[in-house]
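So this one's data.cif, mmCIF, C-alpha atoms; chains and numbers go by the auth columns:
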data_protein
#
loop_
_atom_site.group_PDB
_atom_site.id
_atom_site.type_symbol
_atom_site.label_atom_id
_atom_site.label_comp_id
_atom_site.label_asym_id
_atom_site.label_seq_id
_atom_site.Cartn_x
_atom_site.Cartn_y
_atom_site.Cartn_z
_atom_site.B_iso_or_equiv
_atom_site.auth_seq_id
_atom_site.auth_asym_id
ATOM 1 C CA MET A 1 -166.750 182.105 43.569 0.00 1 A
ATOM 2 C CA ASN A 2 -167.635 180.429 46.829 0.00 2 A
ATOM 3 C CA LEU A 3 -170.069 177.561 47.329 0.00 3 A
ATOM 4 C CA LEU A 4 -172.735 179.762 48.924 0.00 4 A
ATOM 5 C CA ALA A 5 -172.790 182.028 45.848 0.00 5 A
ATOM 6 C CA ALA A 6 -173.118 178.992 43.583 0.00 6 A
ATOM 7 C CA LYS A 7 -175.923 177.507 45.717 0.00 7 A
ATOM 8 C CA SER A 8 -177.774 180.826 45.657 0.00 8 A
ATOM 9 C CA ASN A 9 -177.677 181.098 41.863 0.00 9 A
ATOM 10 C CA PRO A 10 -178.874 177.934 40.099 0.00 10 A
ATOM 11 C CA GLY A 11 -179.290 178.628 36.405 0.00 11 A
ATOM 12 C CA ALA A 12 -176.574 181.295 36.413 0.00 12 A
ATOM 13 C CA ARG A 13 -174.101 181.459 33.557 0.00 13 A
ATOM 14 C CA VAL A 14 -170.538 180.874 34.762 0.00 14 A
ATOM 15 C CA ILE A 15 -167.024 180.621 33.387 0.00 15 A
ATOM 16 C CA TYR A 16 -164.811 177.741 34.481 0.00 16 A
ATOM 17 C CA THR A 17 -161.051 178.315 34.484 0.00 17 A
ATOM 18 C CA ASN A 18 -158.944 175.157 34.389 0.00 18 A
ATOM 19 C CA PRO A 19 -156.426 175.620 37.228 0.00 19 A
ATOM 20 C CA SER A 20 -153.568 173.902 35.391 0.00 20 A
ATOM 21 C CA THR A 21 -153.986 175.227 31.824 0.00 21 A
ATOM 22 C CA ARG A 22 -155.917 178.461 32.540 0.00 22 A
ATOM 23 C CA GLU A 23 -158.268 177.557 29.651 0.00 23 A
ATOM 24 C CA LYS A 24 -161.815 178.849 30.061 0.00 24 A
ATOM 25 C CA GLU A 25 -165.168 177.236 29.338 0.00 25 A
ATOM 26 C CA SER A 26 -168.650 178.599 29.828 0.00 26 A
ATOM 27 C CA GLY A 27 -171.431 176.705 31.560 0.00 27 A
ATOM 28 C CA VAL A 28 -174.630 176.940 33.596 0.00 28 A
ATOM 29 C CA ILE A 29 -175.025 175.985 37.268 0.00 29 A
ATOM 30 C CA SER A 30 -177.497 173.145 37.773 0.00 30 A
ATOM 31 C CA HIS A 31 -177.269 172.542 41.528 0.00 31 A
ATOM 32 C CA CYS A 32 -174.771 172.135 44.384 0.00 32 A
ATOM 33 C CA ASP A 33 -173.956 169.747 47.191 0.00 33 A
ATOM 34 C CA GLU A 34 -171.684 170.241 50.234 0.00 34 A
ATOM 35 C CA LYS A 35 -168.531 170.460 48.099 0.00 35 A
ATOM 36 C CA TYR A 36 -169.226 170.990 44.394 0.00 36 A
ATOM 37 C CA ALA A 37 -171.299 173.022 41.986 0.00 37 A
ATOM 38 C CA TYR A 38 -172.743 170.834 39.248 0.00 38 A
ATOM 39 C CA VAL A 39 -172.394 172.699 35.967 0.00 39 A
ATOM 40 C CA TYR A 40 -173.650 171.982 32.458 0.00 40 A
ATOM 41 C CA TYR A 41 -170.903 172.372 29.824 0.00 41 A
ATOM 42 C CA GLY A 42 -170.913 171.872 26.058 0.00 42 A
ATOM 43 C CA ASP A 43 -173.463 171.150 23.389 0.00 43 A
ATOM 44 C CA PRO A 44 -175.233 168.886 24.072 0.00 44 A
ATOM 45 C CA PRO A 45 -174.802 169.942 27.707 0.00 45 A
ATOM 46 C CA ILE A 46 -173.188 167.415 30.031 0.00 46 A
ATOM 47 C CA ILE A 47 -173.166 167.999 33.775 0.00 47 A
ATOM 48 C CA HIS A 48 -169.833 167.949 35.643 0.00 48 A
ATOM 49 C CA PRO A 49 -169.021 168.463 39.331 0.00 49 A
ATOM 50 C CA THR A 50 -166.864 171.588 39.550 0.00 50 A
ATOM 51 C CA HIS A 51 -165.097 173.128 42.530 0.00 51 A
ATOM 52 C CA PRO A 52 -166.539 176.635 42.997 0.00 52 A
ATOM 53 C CA ASP A 53 -163.040 178.140 43.387 0.00 53 A
ATOM 54 C CA ASN A 54 -162.640 177.557 39.643 0.00 54 A
ATOM 55 C CA LEU A 55 -165.856 179.377 38.698 0.00 55 A
ATOM 56 C CA GLU A 56 -166.790 183.001 38.181 0.00 56 A
ATOM 57 C CA PHE A 57 -170.070 184.523 37.089 0.00 57 A
ATOM 58 C CA ASP A 58 -170.280 185.242 33.359 0.00 58 A
ATOM 59 C CA ARG A 59 -170.921 188.974 33.258 0.00 59 A
ATOM 60 C CA SER A 60 -170.867 189.208 29.448 0.00 60 A
ATOM 61 C CA ARG A 61 -173.993 190.370 27.688 0.00 61 A
ATOM 62 C CA ARG A 62 -175.286 187.766 25.276 0.00 62 A
#
Have the structure of the file written as C-alpha cells, please.
Amino acid sequence: MNLLAAKSNPGARVIYTNPSTREKESGVISHCDEKYAYVYYGDPPIIHPTHPDNLEFDRSRR
C-alpha cells in the first residue's frame, strides 16, 4: 500500500506484514501523517505508527 491509499481510507481494515518475520496482524487505519499510517492493533486496540509499505487492505469478508 502507498501512503496516499492509507490517507484516503481511514477506518479501513488492513493487514500488517512484519518485514523480518513475515508474520501478519490485522488492524484498522486511524489516520496518517507525512510518513506513517497510524493503525490500531490488538484487543484492547493500541495505535502504532506503521510504514504503509508493510500494509495491505484486508479483503476478507468478516
### Task
Quick one: apply the PyMOL selection byres ((chain A and resi 29) around 12) to the file and drop the selected residues here as a PyMOL selection string.
chain A and resi 3+5-16+26-28+30-33+36-41+45-52+55-58
### Task
Provide the atom CA of Gly42 of chain A to atom CA of Met1 of chain A distance in Å, to one decimal place.
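For atom CA of Gly42 of chain A relative to atom CA of Met1 of chain A, the distance reads 20.7 Å.
Picture a line from atom CA of Thr21 of chain A to atom CA of Arg61 of chain A; it runs 25.4 Å.
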### Long-range neighbours of Thr17 of chain A as a PyMOL selection string, 7 Å cut-off, only C-alpha atoms, 4 positions minimum in chain
chain A and resi 22-25+54-55
Can you give me N, CA, C and O atoms for segment 6-17 of chain A, written as a compact mmCIF listing (two decimals), in the frame of the given file?
# COMPACT_ATOMS: atom_id res chain seq x y z
N ALA A 6 -172.66 179.96 44.58
CA ALA A 6 -173.12 178.99 43.58
C ALA A 6 -174.48 178.41 43.97
O ALA A 6 -175.38 178.31 43.13
N LYS A 7 -174.65 178.06 45.25
CA LYS A 7 -175.92 177.51 45.72
C LYS A 7 -177.06 178.51 45.57
O LYS A 7 -178.21 178.13 45.33
N SER A 8 -176.75 179.78 45.71
CA SER A 8 -177.77 180.83 45.66
C SER A 8 -178.16 181.21 44.24
O SER A 8 -179.09 182.00 44.05
N ASN A 9 -177.45 180.67 43.24
CA ASN A 9 -177.68 181.10 41.86
C ASN A 9 -177.81 179.95 40.87
O ASN A 9 -177.12 179.94 39.84
N PRO A 10 -178.69 178.97 41.11
CA PRO A 10 -178.87 177.93 40.10
C PRO A 10 -179.39 178.57 38.82
O PRO A 10 -180.18 179.52 38.86
N GLY A 11 -178.90 178.08 37.70
CA GLY A 11 -179.29 178.63 36.40
C GLY A 11 -178.40 179.76 35.94
O GLY A 11 -178.55 180.23 34.81
N ALA A 12 -177.46 180.19 36.79
CA ALA A 12 -176.57 181.30 36.41
C ALA A 12 -175.51 180.83 35.41
O ALA A 12 -175.01 179.72 35.49
N ARG A 13 -175.19 181.73 34.49
CA ARG A 13 -174.10 181.46 33.56
C ARG A 13 -172.78 181.70 34.28
O ARG A 13 -172.63 182.69 34.99
N VAL A 14 -171.84 180.79 34.10
CA VAL A 14 -170.54 180.87 34.76
C VAL A 14 -169.43 180.59 33.77
O VAL A 14 -169.67 180.05 32.68
N ILE A 15 -168.22 180.95 34.16
CA ILE A 15 -167.02 180.62 33.39
C ILE A 15 -166.11 179.80 34.28
O ILE A 15 -165.78 180.22 35.40
N TYR A 16 -165.74 178.62 33.79
CA TYR A 16 -164.81 177.74 34.48
C TYR A 16 -163.41 178.03 33.96
O TYR A 16 -163.20 178.13 32.75
N THR A 17 -162.45 178.17 34.87
CA THR A 17 -161.05 178.32 34.48
C THR A 17 -160.30 177.09 34.98
O THR A 17 -160.26 176.82 36.19
